[in-house]
file coords.pdb (PDB, C-alpha atoms)
ATOM      1  CA  MET A   1       0.000   0.000   0.000
ATOM      2  CA  THR A   2       2.812   2.404   0.824
ATOM      3  CA  ALA A   3       6.569   2.457   1.363
ATOM      4  CA  ARG A   4       6.180   3.634   4.966
ATOM      5  CA  PRO A   5       6.581   1.111   7.784
ATOM      6  CA  TYR A   6       3.199  -0.077   9.013
ATOM      7  CA  ASP A   7       3.761   1.156  12.550
ATOM      8  CA  GLU A   8       3.933   4.726  11.213
ATOM      9  CA  ILE A   9       0.662   4.527   9.301
ATOM     10  CA  SER A  10      -2.448   6.201  10.689
ATOM     11  CA  GLU A  11      -5.419   4.174  11.860
ATOM     12  CA  ASP A  12      -7.645   5.448   9.076
ATOM     13  CA  GLU A  13      -5.158   4.318   6.456
ATOM     14  CA  LEU A  14      -4.763   0.942   8.154
ATOM     15  CA  ILE A  15      -8.530   0.454   8.168
ATOM     16  CA  LYS A  16      -8.804   1.377   4.494
ATOM     17  CA  ALA A  17      -5.926  -0.939   3.561
ATOM     18  CA  SER A  18      -7.434  -3.755   5.652
ATOM     19  CA  LEU A  19     -10.720  -3.354   3.818
ATOM     20  CA  ASP A  20      -8.793  -3.717   0.569
ATOM     21  CA  GLY A  21      -7.481  -7.038   1.856
ATOM     22  CA  ASP A  22      -4.040  -5.917   3.051
ATOM     23  CA  ARG A  23      -3.006  -8.628   5.517
ATOM     24  CA  LYS A  24      -0.119  -6.645   6.985
ATOM     25  CA  ALA A  25      -2.308  -3.609   7.638
ATOM     26  CA  PHE A  26      -4.768  -5.645   9.657
ATOM     27  CA  GLY A  27      -1.821  -7.347  11.383
ATOM     28  CA  GLU A  28      -0.689  -3.903  12.512
ATOM     29  CA  ILE A  29      -4.161  -3.152  13.928
ATOM     30  CA  ILE A  30      -3.981  -6.426  15.871
ATOM     31  CA  ARG A  31      -0.492  -5.588  17.108
ATOM     32  CA  ARG A  32      -1.621  -2.177  18.375
ATOM     33  CA  TYR A  33      -4.629  -3.467  20.290
ATOM     34  CA  GLN A  34      -3.884  -7.046  21.284
ATOM     35  CA  LYS A  35      -2.570  -6.146  24.749
ATOM     36  CA  MET A  36      -5.627  -4.043  25.475
ATOM     37  CA  ILE A  37      -7.912  -6.863  24.368
ATOM     38  CA  ALA A  38      -5.867  -9.409  26.324
ATOM     39  CA  ARG A  39      -6.409  -7.382  29.503
ATOM     40  CA  THR A  40     -10.153  -7.259  28.948
ATOM     41  CA  VAL A  41     -10.680 -10.834  27.777
ATOM     42  CA  LYS A  42      -8.273 -12.528  30.167
ATOM     43  CA  GLY A  43      -9.379 -10.276  32.994
ATOM     44  CA  MET A  44     -12.967 -11.321  32.394
ATOM     45  CA  LEU A  45     -12.513 -14.986  31.513
ATOM     46  CA  GLY A  46      -9.305 -15.882  33.301
ATOM     47  CA  ASP A  47      -6.006 -16.611  31.649
ATOM     48  CA  SER A  48      -6.534 -19.685  29.515
ATOM     49  CA  ALA A  49      -6.326 -20.956  25.955
ATOM     50  CA  TYR A  50     -10.057 -20.454  25.855
ATOM     51  CA  ALA A  51      -9.610 -16.710  26.513
ATOM     52  CA  GLU A  52      -7.096 -16.641  23.678
ATOM     53  CA  ASP A  53      -9.725 -18.111  21.337
ATOM     54  CA  ILE A  54     -12.169 -15.403  22.360
ATOM     55  CA  GLY A  55      -9.413 -12.856  21.725
ATOM     56  CA  GLN A  56      -9.101 -14.220  18.186
ATOM     57  CA  GLU A  57     -12.856 -13.977  17.736
ATOM     58  CA  VAL A  58     -12.705 -10.311  18.754
ATOM     59  CA  PHE A  59     -10.328  -9.462  15.917
ATOM     60  CA  ILE A  60     -12.149 -11.642  13.413
ATOM     61  CA  LYS A  61     -15.393  -9.908  14.293
ATOM     62  CA  LEU A  62     -13.618  -6.565  14.037
ATOM     63  CA  TYR A  63     -12.388  -7.457  10.554
ATOM     64  CA  TYR A  64     -15.852  -8.270   9.313
ATOM     65  CA  SER A  65     -17.370  -5.154  10.844
ATOM     66  CA  LEU A  66     -14.640  -2.735   9.743
ATOM     67  CA  SER A  67     -16.775  -1.543   6.834
ATOM     68  CA  GLU A  68     -19.418  -0.430   9.356
ATOM     69  CA  PHE A  69     -16.908   1.545  11.419
ATOM     70  CA  ARG A  70     -17.763   5.199  10.772
ATOM     71  CA  GLY A  71     -15.071   6.736  12.944
ATOM     72  CA  GLU A  72     -17.595   8.341  15.295
ATOM     73  CA  ALA A  73     -15.912   6.633  18.245
ATOM     74  CA  LYS A  74     -12.223   5.814  18.557
ATOM     75  CA  LEU A  75     -11.174   2.480  17.052
ATOM     76  CA  SER A  76      -9.954   1.412  20.497
ATOM     77  CA  THR A  77     -13.448   2.026  21.911
ATOM     78  CA  TYR A  78     -15.017   0.123  19.030
ATOM     79  CA  ILE A  79     -12.750  -2.916  19.547
ATOM     80  CA  GLN A  80     -13.218  -2.724  23.293
ATOM     81  CA  ARG A  81     -17.001  -2.889  22.850
ATOM     82  CA  ILE A  82     -16.675  -5.966  20.645
ATOM     83  CA  ALA A  83     -14.441  -7.607  23.263
ATOM     84  CA  ILE A  84     -16.805  -6.765  26.110
ATOM     85  CA  ASN A  85     -19.862  -8.038  24.245
ATOM     86  CA  LEU A  86     -18.126 -11.285  23.312
ATOM     87  CA  THR A  87     -16.793 -11.939  26.801
ATOM     88  CA  LEU A  88     -20.112 -11.129  28.476
ATOM     89  CA  ASN A  89     -21.899 -13.454  26.034
ATOM     90  CA  GLU A  90     -19.363 -16.172  26.782
ATOM     91  CA  LEU A  91     -19.815 -15.698  30.518
ATOM     92  CA  LYS A  92     -23.584 -15.970  30.150
ATOM     93  CA  ARG A  93     -23.208 -19.105  28.035
ATOM     94  CA  LYS A  94     -20.749 -20.623  30.483
ATOM     95  CA  LYS A  95     -22.875 -19.716  33.463
ATOM     96  CA  ARG A  96     -25.868 -21.367  31.866
ATOM     97  CA  PHE A  97     -24.181 -24.643  31.041
ATOM     98  CA  PHE A  98     -20.998 -25.110  33.025
ATOM     99  CA  SER A  99     -21.209 -22.756  35.997
ATOM    100  CA  MET A 100     -19.580 -25.013  38.560
ATOM    101  CA  PHE A 101     -16.855 -26.253  36.259
ATOM    102  CA  ALA A 102     -16.065 -22.881  34.708
ATOM    103  CA  GLN A 103     -15.319 -21.147  37.979
ATOM    104  CA  LYS A 104     -12.913 -23.872  38.991
ATOM    105  CA  GLU A 105     -11.213 -23.820  35.625
ATOM    106  CA  ASN A 106     -10.828 -20.038  35.636
ATOM    107  CA  ASN A 107      -9.284 -20.000  39.044
ATOM    108  CA  GLU A 108      -6.849 -22.766  38.264
ATOM    109  CA  MET A 109      -5.656 -21.770  34.837
ATOM    110  CA  TYR A 110      -3.526 -18.718  35.518
ATOM    111  CA  GLU A 111      -0.454 -18.553  33.411
ATOM    112  CA  LEU A 112       0.538 -14.943  32.965
ATOM    113  CA  GLU A 113       3.341 -13.450  30.997
ATOM    114  CA  ILE A 114       5.879 -12.795  33.691
ATOM    115  CA  ALA A 115       9.372 -11.409  33.360
ATOM    116  CA  ASP A 116      12.270 -13.527  34.610
ATOM    117  CA  TYR A 117      13.276 -11.154  37.393
ATOM    118  CA  ASP A 118      11.224 -11.051  40.597
ATOM    119  CA  TYR A 119       9.400 -14.031  39.173
ATOM    120  CA  GLU A 120       7.728 -15.158  42.371
ATOM    121  CA  GLU A 121       6.626 -11.702  43.482
ATOM    122  CA  ARG A 122       5.255 -10.827  40.058
ATOM    123  CA  LYS A 123       3.495 -14.150  39.781
ATOM    124  CA  GLU A 124       1.961 -13.613  43.182
ATOM    125  CA  ALA A 125       0.787 -10.123  42.226
ATOM    126  CA  SER A 126      -0.880 -11.516  39.114
ATOM    127  CA  GLU A 127      -2.556 -14.257  41.057
ATOM    128  CA  ILE A 128      -3.912 -11.849  43.642
ATOM    129  CA  VAL A 129      -5.407  -9.654  40.920
ATOM    130  CA  ASN A 130      -6.826 -12.559  38.938
ATOM    131  CA  LYS A 131      -8.357 -14.330  41.877
ATOM    132  CA  ALA A 132      -9.864 -11.086  43.111
ATOM    133  CA  LEU A 133     -11.316 -10.382  39.664
ATOM    134  CA  MET A 134     -12.758 -13.863  39.315
ATOM    135  CA  ALA A 135     -14.447 -13.550  42.687
ATOM    136  CA  LEU A 136     -16.324 -10.467  41.518
ATOM    137  CA  ASP A 137     -19.684 -10.473  39.808
ATOM    138  CA  PRO A 138     -19.115  -9.962  36.020
ATOM    139  CA  LYS A 139     -20.967  -6.629  36.007
ATOM    140  CA  PHE A 140     -18.549  -5.290  38.633
ATOM    141  CA  ARG A 141     -15.580  -7.146  37.156
ATOM    142  CA  ILE A 142     -15.825  -5.345  33.823
ATOM    143  CA  ILE A 143     -15.908  -1.953  35.580
ATOM    144  CA  VAL A 144     -12.829  -2.868  37.622
ATOM    145  CA  ILE A 145     -10.973  -4.089  34.528
ATOM    146  CA  MET A 146     -11.780  -0.907  32.615
ATOM    147  CA  ARG A 147     -10.402   1.240  35.421
ATOM    148  CA  MET A 148      -7.755  -0.854  37.129
ATOM    149  CA  LEU A 149      -6.213  -2.631  34.135
ATOM    150  CA  GLU A 150      -7.110  -0.465  31.152
ATOM    151  CA  GLY A 151      -6.726   2.841  32.989
ATOM    152  CA  TYR A 152      -9.962   4.375  31.679
ATOM    153  CA  SER A 153     -11.652   7.195  33.574
ATOM    154  CA  THR A 154     -15.190   6.676  34.846
ATOM    155  CA  LYS A 155     -16.501   8.843  32.007
ATOM    156  CA  GLU A 156     -14.675   6.761  29.398
ATOM    157  CA  THR A 157     -15.854   3.558  31.077
ATOM    158  CA  ALA A 158     -19.447   4.778  30.953
ATOM    159  CA  GLU A 159     -19.050   5.606  27.272
ATOM    160  CA  ILE A 160     -17.524   2.239  26.372
ATOM    161  CA  LEU A 161     -20.034   0.222  28.350
ATOM    162  CA  ASP A 162     -22.895   2.456  27.266
ATOM    163  CA  LEU A 163     -23.966   2.963  30.877
ATOM    164  CA  PRO A 164     -24.983   6.133  32.733
ATOM    165  CA  LEU A 165     -22.101   7.710  34.637
ATOM    166  CA  GLY A 166     -24.014   7.311  37.909
ATOM    167  CA  THR A 167     -24.297   3.554  37.360
ATOM    168  CA  VAL A 168     -20.568   3.269  36.720
ATOM    169  CA  LEU A 169     -19.778   5.266  39.849
ATOM    170  CA  SER A 170     -22.084   3.198  42.049
ATOM    171  CA  ARG A 171     -20.786  -0.090  40.615
ATOM    172  CA  LEU A 172     -17.229   1.095  41.104
ATOM    173  CA  SER A 173     -17.937   1.890  44.725
ATOM    174  CA  ARG A 174     -19.656  -1.468  45.303
ATOM    175  CA  ALA A 175     -16.859  -3.304  43.490
ATOM    176  CA  GLN A 176     -14.341  -1.598  45.765
ATOM    177  CA  GLU A 177     -16.270  -2.733  48.840
ATOM    178  CA  GLN A 178     -16.499  -6.293  47.495
ATOM    179  CA  LEU A 179     -12.783  -6.316  46.696
ATOM    180  CA  LYS A 180     -11.917  -5.124  50.192
ATOM    181  CA  ASN A 181     -13.810  -8.100  51.623
ATOM    182  CA  ILE A 182     -12.369 -10.551  49.103
ATOM    183  CA  LEU A 183      -8.796  -9.426  49.655
ATOM    184  CA  LYS A 184      -9.224  -9.409  53.429
ATOM    185  CA  LYS A 185     -10.105 -13.111  53.347
ATOM    186  CA  LYS A 186      -7.147 -14.129  51.184
TER     187      LYS A 186
ATOM    188  CA  MET B 187       5.960  -5.751  45.426
ATOM    189  CA  LYS B 188       4.632  -7.476  48.547
ATOM    190  CA  PRO B 189       1.117  -8.990  48.489
ATOM    191  CA  ALA B 190      -0.158  -6.431  51.009
ATOM    192  CA  GLU B 191       1.060  -3.603  48.773
ATOM    193  CA  VAL B 192      -0.587  -5.192  45.729
ATOM    194  CA  LYS B 193      -3.874  -5.490  47.586
ATOM    195  CA  LYS B 194      -3.651  -1.857  48.669
ATOM    196  CA  LEU B 195      -2.902  -0.841  45.093
ATOM    197  CA  ILE B 196      -5.948  -2.751  43.829
ATOM    198  CA  ILE B 197      -8.255  -1.073  46.312
ATOM    199  CA  ASN B 198      -6.744   2.378  45.754
ATOM    200  CA  SER B 199      -6.947   2.055  41.986
ATOM    201  CA  LEU B 200     -10.738   2.118  42.292
ATOM    202  CA  ASP B 201     -10.777   5.381  44.215
ATOM    203  CA  ILE B 202     -12.379   8.189  42.250
ATOM    204  CA  LYS B 203      -9.513  10.502  43.161
ATOM    205  CA  THR B 204      -6.838   8.113  41.882
ATOM    206  CA  ASN B 205      -5.491   8.625  38.401
ATOM    207  CA  PRO B 206      -6.552   5.360  36.691
ATOM    208  CA  LEU B 207      -3.685   5.414  34.178
ATOM    209  CA  GLU B 208      -1.142   5.783  36.957
ATOM    210  CA  ALA B 209      -2.714   2.953  38.932
ATOM    211  CA  SER B 210      -2.816   0.586  35.965
ATOM    212  CA  GLY B 211       0.814   1.447  35.221
ATOM    213  CA  LYS B 212       1.838   0.599  38.791
ATOM    214  CA  LEU B 213       0.031  -2.724  38.608
ATOM    215  CA  GLU B 214       1.772  -3.535  35.359
ATOM    216  CA  GLU B 215       5.096  -2.709  36.970
ATOM    217  CA  ALA B 216       4.191  -5.061  39.805
ATOM    218  CA  GLY B 217       3.808  -7.884  37.294
ATOM    219  CA  VAL B 218       0.140  -7.754  36.420
ATOM    220  CA  SER B 219       0.415  -7.793  32.657
ATOM    221  CA  TYR B 220      -1.631  -9.637  30.115
ATOM    222  CA  ASP B 221      -0.917 -10.571  26.554
ATOM    223  CA  PHE B 222      -1.775 -13.286  24.110
ATOM    224  CA  SER B 223       0.760 -15.837  22.926
ATOM    225  CA  ASN B 224       3.487 -14.840  20.460
ATOM    226  CA  SER B 225       1.709 -16.514  17.566
ATOM    227  CA  PHE B 226      -1.617 -14.777  18.277
ATOM    228  CA  ASN B 227      -1.276 -12.219  15.473
ATOM    229  CA  ASP B 228      -0.358 -14.864  12.867
ATOM    230  CA  ARG B 229      -3.137 -17.185  13.949
ATOM    231  CA  VAL B 230      -5.795 -14.502  13.583
ATOM    232  CA  LEU B 231      -4.431 -13.476  10.188
ATOM    233  CA  ASP B 232      -4.218 -17.108   9.041
ATOM    234  CA  ARG B 233      -7.823 -17.676  10.021
ATOM    235  CA  LEU B 234      -8.861 -14.601   8.088
ATOM    236  CA  PHE B 235      -6.675 -14.753   5.022
ATOM    237  CA  SER B 236      -5.453 -18.289   4.367
ATOM    238  CA  LEU B 237      -8.919 -19.681   3.695
ATOM    239  CA  GLY B 238      -9.724 -16.932   1.215
ATOM    240  CA  LEU B 239     -12.003 -15.233   3.678
ATOM    241  CA  ALA B 240     -10.204 -11.944   3.335
ATOM    242  CA  VAL B 241     -12.882 -10.373   1.219
ATOM    243  CA  ASN B 242     -15.251  -8.540   3.421
ATOM    244  CA  SER B 243     -18.140 -10.920   2.905
ATOM    245  CA  LYS B 244     -20.846  -8.583   4.104
ATOM    246  CA  VAL B 245     -19.775  -5.795   1.792
ATOM    247  CA  GLU B 246     -19.439  -8.247  -1.077
ATOM    248  CA  PHE B 247     -22.895  -9.623  -0.354
ATOM    249  CA  LEU B 248     -24.451  -6.145  -0.333
ATOM    250  CA  LYS B 249     -22.673  -5.270  -3.582
ATOM    251  CA  SER B 250     -23.947  -8.476  -5.183
ATOM    252  CA  MET B 251     -27.464  -7.814  -3.938
ATOM    253  CA  ASN B 252     -27.335  -4.300  -5.315
ATOM    254  CA  PHE B 253     -26.113  -5.568  -8.669
ATOM    255  CA  ALA B 254     -28.744  -8.323  -8.752
ATOM    256  CA  PHE B 255     -31.488  -5.840  -7.868
ATOM    257  CA  TYR B 256     -30.562  -3.509 -10.728
ATOM    258  CA  ARG B 257     -30.396  -6.395 -13.196
ATOM    259  CA  ILE B 258     -33.789  -7.719 -12.152
ATOM    260  CA  ALA B 259     -35.350  -4.253 -12.127
ATOM    261  CA  PHE B 260     -33.902  -3.442 -15.547
ATOM    262  CA  THR B 261     -35.114  -6.712 -17.049
ATOM    263  CA  GLY B 262     -38.556  -6.172 -15.542
ATOM    264  CA  VAL B 263     -38.882  -2.659 -16.941
ATOM    265  CA  ALA B 264     -37.721  -3.860 -20.358
ATOM    266  CA  ALA B 265     -40.299  -6.689 -20.312
ATOM    267  CA  ILE B 266     -43.115  -4.278 -19.409
ATOM    268  CA  VAL B 267     -42.149  -1.888 -22.224
ATOM    269  CA  ILE B 268     -42.034  -4.756 -24.774
ATOM    270  CA  LEU B 269     -45.428  -5.994 -23.526
ATOM    271  CA  LEU B 270     -47.000  -2.538 -23.888
ATOM    272  CA  ILE B 271     -45.569  -2.096 -27.395
ATOM    273  CA  SER B 272     -46.848  -5.513 -28.483
ATOM    274  CA  ILE B 273     -50.318  -4.754 -27.040
ATOM    275  CA  PHE B 274     -50.374  -1.435 -28.852
ATOM    276  CA  MET B 275     -49.376  -3.082 -32.111
ATOM    277  CA  MET B 276     -51.962  -5.853 -31.783
ATOM    278  CA  GLU B 277     -54.875  -3.914 -30.347
ATOM    279  CA  GLY B 278     -54.214  -0.443 -31.681
ATOM    280  CA  SER B 279     -54.544   1.157 -28.233
ATOM    281  CA  ILE B 280     -53.290   0.750 -24.708
ATOM    282  CA  SER B 281     -56.536   0.682 -22.736
ATOM    283  CA  PHE B 282     -57.225  -1.462 -19.685
ATOM    284  CA  ASN B 283     -59.373  -3.804 -21.782
ATOM    285  CA  SER B 284     -56.716  -4.238 -24.416
ATOM    286  CA  PHE B 285     -54.228  -4.929 -21.681
ATOM    287  CA  LEU B 286     -56.502  -7.727 -20.446
ATOM    288  CA  GLY B 287     -57.125  -8.942 -24.021
ATOM    289  CA  LEU B 288     -60.825  -8.003 -23.897
ATOM    290  CA  SER B 289     -60.906  -5.252 -26.514
ATOM    291  CA  ASP B 290     -62.853  -7.290 -29.133
ATOM    292  CA  SER B 291     -65.152  -9.033 -26.674
ATOM    293  CA  TYR B 292     -68.723  -8.071 -25.880
ATOM    294  CA  ASP B 293     -70.155  -8.600 -22.433
ATOM    295  CA  GLU B 294     -72.253 -11.530 -23.666
ATOM    296  CA  SER B 295     -69.293 -13.299 -25.120
ATOM    297  CA  ILE B 296     -67.488 -12.967 -21.794
ATOM    298  CA  VAL B 297     -70.460 -14.529 -20.016
ATOM    299  CA  CYS B 298     -70.413 -17.361 -22.584
ATOM    300  CA  LEU B 299     -66.712 -17.723 -22.122
ATOM    301  CA  LEU B 300     -67.026 -17.940 -18.344
ATOM    302  CA  THR B 301     -70.190 -20.056 -18.049
ATOM    303  CA  GLY B 302     -69.797 -22.245 -21.145
ATOM    304  CA  ASN B 303     -73.404 -21.535 -22.298
TER     305      ASN B 303
END
call {"tool": "encode", "arguments": {"input": "coords.pdb", "output": "structure tokens"}}
result
Amino acid sequence: MTARPYDEISEDELIKASLDGDRKAFGEIIRRYQKMIARTVKGMLGDSAYAEDIGQEVFIKLYYSLSEFRGEAKLSTYIQRIAINLTLNELKRKKRFFSMFAQKENNEMYELEIADYDYEERKEASEIVNKALMALDPKFRIIVIMRMLEGYSTKETAEILDLPLGTVLSRLSRAQEQLKNILKKK
Amino acid sequence: MKPAEVKKLIINSLDIKTNPLEASGKLEEAGVSYDFSNSFNDRVLDRLFSLGLAVNSKVEFLKSMNFAFYRIAFTGVAAIVILLISIFMMEGSISFNSFLGLSDSYDESIVCLLTGN
């Protein structure tokens, strides 16, 4: 598409090139957002191969809906919404059919990307966060992930989740209370 | 970072007054980072492109539908025009009766035609 390296190309150009079937352009979009999606999907579903599959589905769905992306919201917000919808649907499906099994699996399958140094401490930190997240109700969990892991403000969280700001604030406060109790027990 | 500090960081990160970006950065520094496997990017791209699925199917479908609609509409209009011309040539006018093929029929002959008497 152009002689410029892909990491220097604007999002709009990457979207246009992806729609024209440019594999590398869409690869660059994945590269830019895969960590963000990993935080959301793995935060919601636990760190497992299954979460990785859902992560793939997010980008596949994004690819097929790129033509509908009008640029009214940021691309990051658009992808985030796809990820949240997919993970919430998966949680509902899991809850319906495998509720007992799923919780056990999520809590046991933590395998985070951890640097070699301070291995034990970092692993422990990850486990504390993951176990705390998994103990939360999904509607609070997603709010916590948006703020604690993604670093979104409450206003941005409300926008992404399409919730009133007041709801986000009250859920955040209740999630904080729940987390205090959860972490006290551990 | 000690577990107690991590727990404190988690709780504090949800405070309204805390800068969420700063809090998420601190957690990442403490080792709470998520990513997919190294081959994630290639696997997604392989699923999309290697099976020839790269064309945006929805867009292609809409384009095909659009094309098909115009072809059908065009053919239909052409057929109607040909029909009207042929009626005009055969009947000498384009009235409702001639359109129904009744221009030369009297009411009685229609009754005969319908009842068989």
call {"tool": "atom_distance", "arguments": {"input": "coords.pdb", "atom1": "atom CA of Arg147 of chain A", "atom2": "atom CA of Lys184 of chain A"}}
result
21.0 Å
call {"tool": "atom_distance", "arguments": {"input": "coords.pdb", "atom1": "atom CA of Ala264 of chain B", "atom2": "atom CA of Phe285 of chain B"}}
result
16.6 Å
call {"tool": "resolve_selection", "arguments": {"input": "coords.pdb", "expression": "the PyMOL selection byres ((chain B and resi 191) around 12)", "output": "list in words"}}
result
Glu121, Glu124, Ala125, Ile128, Val129 and Leu183 of chain A; Met187, Lys188, Pro189, Ala190, Val192, Lys193, Lys194, Leu195, Ile196, Ile197, Asn198, Ser199, Lys212, Leu213 and Ala216 of chain B
call {"tool": "interface_residues", "arguments": {"input": "coords.pdb", "of": "chain A", "to": "chain B", "cutoff": "6 Å", "atoms": "only C-alpha atoms", "output": "ChimeraX atom specification"}}
result
/A:21,35,38-39,56,64,122,126,147-149,151
call {"tool": "resolve_selection", "arguments": {"input": "coords.pdb", "expression": "the PyMOL selection byres ((chain A and resi 75) around 10)", "output": "PyMOL selection string"}}
result
chain A and resi 11-12+15+29+33+62+66+69-74+76-81
